[in-house]
>>> print(open('model_37.cif').read())   # mmCIF, C-alpha atoms
data_start
#
loop_
_atom_site.group_PDB
_atom_site.id
_atom_site.type_symbol
_atom_site.label_atom_id
_atom_site.label_comp_id
_atom_site.auth_asym_id
_atom_site.auth_seq_id
_atom_site.Cartn_x
_atom_site.Cartn_y
_atom_site.Cartn_z
ATOM 1 C CA MET A 1218 0.710 -3.289 4.862
ATOM 2 C CA VAL A 1219 -1.694 -1.697 2.404
ATOM 3 C CA MET A 1220 -2.882 -4.058 -0.309
ATOM 4 C CA PHE A 1221 -4.433 -3.126 -3.613
ATOM 5 C CA THR A 1222 -7.077 -5.142 -5.382
ATOM 6 C CA VAL A 1223 -7.166 -5.248 -9.154
ATOM 7 C CA TYR A 1224 -10.739 -6.078 -10.090
ATOM 8 C CA ALA A 1225 -12.872 -6.910 -13.074
ATOM 9 C CA LEU A 1226 -16.563 -6.095 -12.936
ATOM 10 C CA ARG A 1227 -19.254 -7.463 -15.206
ATOM 11 C CA SER A 1228 -22.292 -5.453 -16.159
ATOM 12 C CA GLU A 1229 -25.437 -7.404 -15.428
ATOM 13 C CA ARG A 1230 -27.142 -5.277 -18.071
ATOM 14 C CA ASP A 1231 -25.085 -6.260 -21.110
ATOM 15 C CA GLY A 1232 -22.136 -8.392 -19.955
ATOM 16 C CA ARG A 1233 -19.415 -5.831 -20.630
ATOM 17 C CA ILE A 1234 -16.287 -5.951 -18.490
ATOM 18 C CA TYR A 1235 -14.763 -3.036 -16.578
ATOM 19 C CA VAL A 1236 -11.288 -3.277 -15.014
ATOM 20 C CA GLY A 1237 -9.862 -1.090 -12.256
ATOM 21 C CA PHE A 1238 -8.002 -1.196 -8.965
ATOM 22 C CA SER A 1239 -8.611 0.071 -5.449
ATOM 23 C CA GLU A 1240 -7.419 -0.125 -1.872
ATOM 24 C CA HIS A 1241 -11.060 -0.542 -0.784
ATOM 25 C CA LEU A 1242 -12.863 -2.922 -3.121
ATOM 26 C CA GLU A 1243 -16.250 -3.050 -1.385
ATOM 27 C CA ARG A 1244 -16.475 0.748 -1.194
ATOM 28 C CA ARG A 1245 -15.444 1.051 -4.841
ATOM 29 C CA LEU A 1246 -18.064 -1.469 -5.960
ATOM 30 C CA LYS A 1247 -20.706 0.547 -4.100
ATOM 31 C CA GLU A 1248 -19.534 3.695 -5.934
ATOM 32 C CA HIS A 1249 -19.844 1.921 -9.288
ATOM 33 C CA ASN A 1250 -23.343 0.648 -8.468
ATOM 34 C CA ALA A 1251 -24.455 4.039 -7.125
ATOM 35 C CA GLY A 1252 -23.704 5.636 -10.504
ATOM 36 C CA GLN A 1253 -20.818 7.694 -9.095
ATOM 37 C CA VAL A 1254 -18.317 6.504 -11.732
ATOM 38 C CA THR A 1255 -18.827 8.220 -15.072
ATOM 39 C CA SER A 1256 -17.509 5.382 -17.212
ATOM 40 C CA THR A 1257 -19.728 2.710 -15.623
ATOM 41 C CA LYS A 1258 -22.969 4.438 -14.651
ATOM 42 C CA ALA A 1259 -24.765 3.661 -17.918
ATOM 43 C CA TYR A 1260 -24.347 -0.089 -17.455
ATOM 44 C CA LEU A 1261 -25.625 -0.710 -13.921
ATOM 45 C CA PRO A 1262 -25.679 -2.958 -12.010
ATOM 46 C CA TRP A 1263 -22.157 -4.400 -11.718
ATOM 47 C CA SER A 1264 -20.940 -7.554 -10.028
ATOM 48 C CA ILE A 1265 -17.425 -8.694 -9.209
ATOM 49 C CA LEU A 1266 -16.064 -10.994 -11.854
ATOM 50 C CA TYR A 1267 -12.425 -11.443 -10.843
ATOM 51 C CA THR A 1268 -10.012 -10.058 -8.253
ATOM 52 C CA LEU A 1269 -6.258 -10.115 -7.756
ATOM 53 C CA GLU A 1270 -4.487 -8.704 -4.686
ATOM 54 C CA VAL A 1271 -1.104 -7.049 -5.112
ATOM 55 C CA GLU A 1272 1.197 -5.179 -2.732
ATOM 56 C CA THR A 1273 1.932 -1.882 -4.504
ATOM 57 C CA ARG A 1274 0.072 0.759 -6.511
ATOM 58 C CA LEU A 1275 2.586 0.289 -9.344
ATOM 59 C CA GLU A 1276 1.929 -3.449 -9.456
ATOM 60 C CA ALA A 1277 -1.835 -2.779 -9.421
ATOM 61 C CA ARG A 1278 -1.537 -0.343 -12.323
ATOM 62 C CA GLN A 1279 0.550 -2.828 -14.326
ATOM 63 C CA GLN A 1280 -1.971 -5.638 -13.754
ATOM 64 C CA GLU A 1281 -4.863 -3.308 -14.599
ATOM 65 C CA LYS A 1282 -3.218 -2.464 -17.922
ATOM 66 C CA LYS A 1283 -2.726 -6.183 -18.673
ATOM 67 C CA PHE A 1284 -6.394 -6.946 -17.970
ATOM 68 C CA LYS A 1285 -7.502 -4.014 -20.151
ATOM 69 C CA SER A 1286 -5.568 -5.390 -23.125
ATOM 70 C CA GLY A 1287 -7.179 -7.686 -25.670
ATOM 71 C CA PHE A 1288 -5.331 -10.658 -24.204
ATOM 72 C CA GLY A 1289 -6.395 -9.677 -20.691
ATOM 73 C CA LYS A 1290 -10.060 -9.381 -21.649
ATOM 74 C CA GLU A 1291 -9.914 -12.787 -23.328
ATOM 75 C CA PHE A 1292 -8.357 -14.209 -20.146
ATOM 76 C CA LEU A 1293 -11.202 -12.786 -18.059
ATOM 77 C CA LYS A 1294 -13.825 -14.103 -20.469
ATOM 78 C CA SER A 1295 -12.307 -17.581 -20.438
ATOM 79 C CA LYS A 1296 -12.249 -17.689 -16.640
ATOM 80 C CA VAL A 1297 -15.940 -16.957 -16.264
ATOM 81 C CA HIS A 1298 -17.372 -18.356 -19.484
ATOM 82 C CA ILE A 1299 -18.974 -15.143 -20.681
ATOM 83 C CA PRO A 1300 -20.707 -15.562 -24.038
ATOM 84 C CA ARG A 1301 -18.823 -13.683 -26.746
#
>>> encode(input="model_37.cif", output="structure tokens")
Amino acid sequence: MVMFTVYALRSERDGRIYVGFSEHLERRLKEHNAGQVTSTKAYLPWSILYTLEVETRLEARQQEKKFKSGFGKEFLKSKVHIPR
């Protein structure tokens, strides 16, 4: 069964958080750090902050949207103790 990983990345440059999902997390992280993703290339390098595995693309999209919300970002910050 194909699994999807919802992930949060943290910019080592300025601490910002980026949320996405992928079937291939390691490959996707390499794409982010190679500057191949327009929305993240200005804030390299990125490290994995948080991951959540889900079974369907729909579930991944729903979780991604939750993590991109204000509440979701606060949840991520509280889990890793990022200075606000």
>>> residues_near_point(input="model_37.cif", point="(-0.1, -5.5, -3.3)", cutoff="6 Å", atoms="only C-alpha atoms", output="list of chain:residue names")
A:Met1220, A:Phe1221, A:Glu1270, A:Val1271, A:Glu1272, A:Thr1273
>>> closest_residue(input="model_37.cif", among="A:Phe1238, A:Ala1251, A:Leu1226, A:Arg1233", to="Glu1276 in chain A", atoms="all atoms listed in the file")
A:Phe1238
>>> closest_residue(input="model_37.cif", among="A:Val1236, A:Lys1294, A:Ser1256, A:Val1223", to="Leu1275 in chain A", atoms="all atoms listed in the file")
A:Val1223
>>> resolve_selection(input="model_37.cif", expression="the PyMOL selection byres ((chain A and resi 1266) around 8)", output="list in words")
Tyr1224, Ala1225, Leu1226, Arg1227, Ser1264, Ile1265, Tyr1267, Thr1268 and Val1297 of chain A
>>> residues_around(input="model_37.cif", residues="His1249 in chain A", least_positions_apart="3", cutoff="8 Å", atoms="only C-alpha atoms", output="ChimeraX atom specification")
/A:1245-1246,1252-1254,1257-1258,1261,1263
>>> residues_around(input="model_37.cif", residues="range 1285-1288 of chain A", least_positions_apart="4", cutoff="9 Å", atoms="only C-alpha atoms", output="ChimeraX atom specification")
/A:1235-1237,1280-1281,1292-1293
>>> axis_aligned_box(input="model_37.cif", around="range 1231-1249 of chain A", padding_each_side="8 Å", output="AutoDock Vina command-line options")
--center_x -16.3 --center_y -2.3 --center_z -10.9 --size_x 33.7 --size_y 28.1 --size_z 36.3
>>> atom_distance(input="model_37.cif", atom1="CA of Arg1244 in chain A", atom2="CA of Pro1262 in chain A")
14.7 Å
>>> closest_residue(input="model_37.cif", among="A:Lys1247, A:Arg1230, A:His1241, A:Arg1274", to="Tyr1260 in chain A", atoms="all atoms listed in the file")
A:Arg1230
>>> atom_distance(input="model_37.cif", atom1="CA of Gly1289 in chain A", atom2="CA of Met1218 in chain A")
27.3 Å
>>> atom_distance(input="model_37.cif", atom1="CA of Glu1248 in chain A", atom2="CA of Val1219 in chain A")
20.4 Å
>>> decode(input="model_37.cif", residues="range 1218-1275 of chain A", atoms="C-alpha atoms", output="PDB file, in the first residue's frame")
ATOM      1  CA  MET A1218       0.000   0.000   0.000  1.00  0.00           C
ATOM      2  CA  VAL A1219       1.239   3.465  -0.901  1.00  0.00           C
ATOM      3  CA  MET A1220       1.674   5.752   2.087  1.00  0.00           C
ATOM      4  CA  PHE A1221       1.897   9.512   2.058  1.00  0.00           C
ATOM      5  CA  THR A1222       3.979  11.552   4.444  1.00  0.00           C
ATOM      6  CA  VAL A1223       2.786  14.957   5.556  1.00  0.00           C
ATOM      7  CA  TYR A1224       5.892  16.870   6.566  1.00  0.00           C
ATOM      8  CA  ALA A1225       6.955  20.115   8.143  1.00  0.00           C
ATOM      9  CA  LEU A1226      10.364  21.508   7.279  1.00  0.00           C
ATOM     10  CA  ARG A1227      12.249  24.177   9.175  1.00  0.00           C
ATOM     11  CA  SER A1228      14.549  26.615   7.459  1.00  0.00           C
ATOM     12  CA  GLU A1229      17.943  26.597   9.107  1.00  0.00           C
ATOM     13  CA  ARG A1230      18.409  30.112   7.748  1.00  0.00           C
ATOM     14  CA  ASP A1231      15.556  31.873   9.532  1.00  0.00           C
ATOM     15  CA  GLY A1232      13.420  29.255  11.311  1.00  0.00           C
ATOM     16  CA  ARG A1233      10.377  29.524   9.055  1.00  0.00           C
ATOM     17  CA  ILE A1234       8.198  26.449   8.632  1.00  0.00           C
ATOM     18  CA  TYR A1235       7.118  24.902   5.329  1.00  0.00           C
ATOM     19  CA  VAL A1236       4.430  22.193   5.182  1.00  0.00           C
ATOM     20  CA  GLY A1237       3.807  19.739   2.351  1.00  0.00           C
ATOM     21  CA  PHE A1238       3.203  16.084   1.593  1.00  0.00           C
ATOM     22  CA  SER A1239       4.836  13.446  -0.578  1.00  0.00           C
ATOM     23  CA  GLU A1240       4.963   9.748  -1.335  1.00  0.00           C
ATOM     24  CA  HIS A1241       8.779   9.964  -1.266  1.00  0.00           C
ATOM     25  CA  LEU A1242       9.918  12.127   1.633  1.00  0.00           C
ATOM     26  CA  GLU A1243      13.688  11.740   1.252  1.00  0.00           C
ATOM     27  CA  ARG A1244      13.561  12.585  -2.460  1.00  0.00           C
ATOM     28  CA  ARG A1245      11.323  15.577  -1.762  1.00  0.00           C
ATOM     29  CA  LEU A1246      13.655  16.899   0.935  1.00  0.00           C
ATOM     30  CA  LYS A1247      16.543  16.663  -1.536  1.00  0.00           C
ATOM     31  CA  GLU A1248      14.490  18.674  -4.062  1.00  0.00           C
ATOM     32  CA  HIS A1249      13.824  21.369  -1.458  1.00  0.00           C
ATOM     33  CA  ASN A1250      17.507  21.565  -0.492  1.00  0.00           C
ATOM     34  CA  ALA A1251      18.644  21.587  -4.131  1.00  0.00           C
ATOM     35  CA  GLY A1252      16.622  24.758  -4.755  1.00  0.00           C
ATOM     36  CA  GLN A1253      14.188  22.966  -7.082  1.00  0.00           C
ATOM     37  CA  VAL A1254      11.079  24.156  -5.201  1.00  0.00           C
ATOM     38  CA  THR A1255      10.235  27.771  -5.964  1.00  0.00           C
ATOM     39  CA  SER A1256       8.575  28.529  -2.641  1.00  0.00           C
ATOM     40  CA  THR A1257      11.473  27.230  -0.519  1.00  0.00           C
ATOM     41  CA  LYS A1258      14.648  27.937  -2.480  1.00  0.00           C
ATOM     42  CA  ALA A1259      15.294  31.329  -0.876  1.00  0.00           C
ATOM     43  CA  TYR A1260      15.458  29.838   2.616  1.00  0.00           C
ATOM     44  CA  LEU A1261      17.923  26.957   2.252  1.00  0.00           C
ATOM     45  CA  PRO A1262      18.864  24.701   3.905  1.00  0.00           C
ATOM     46  CA  TRP A1263      15.825  22.825   5.256  1.00  0.00           C
ATOM     47  CA  SER A1264      15.599  20.091   7.856  1.00  0.00           C
ATOM     48  CA  ILE A1265      12.716  17.817   8.773  1.00  0.00           C
ATOM     49  CA  LEU A1266      10.785  19.147  11.714  1.00  0.00           C
ATOM     50  CA  TYR A1267       7.779  16.828  11.917  1.00  0.00           C
ATOM     51  CA  THR A1268       6.261  13.974   9.916  1.00  0.00           C
ATOM     52  CA  LEU A1269       2.930  12.173   9.880  1.00  0.00           C
ATOM     53  CA  GLU A1270       2.174   9.123   7.717  1.00  0.00           C
ATOM     54  CA  VAL A1271      -1.308   8.707   6.276  1.00  0.00           C
ATOM     55  CA  GLU A1272      -2.843   6.203   3.863  1.00  0.00           C
ATOM     56  CA  THR A1273      -4.484   8.350   1.170  1.00  0.00           C
ATOM     57  CA  ARG A1274      -3.710  11.473  -0.857  1.00  0.00           C
ATOM     58  CA  LEU A1275      -6.974  13.014   0.383  1.00  0.00           C
TER      59      LEU A1275
END
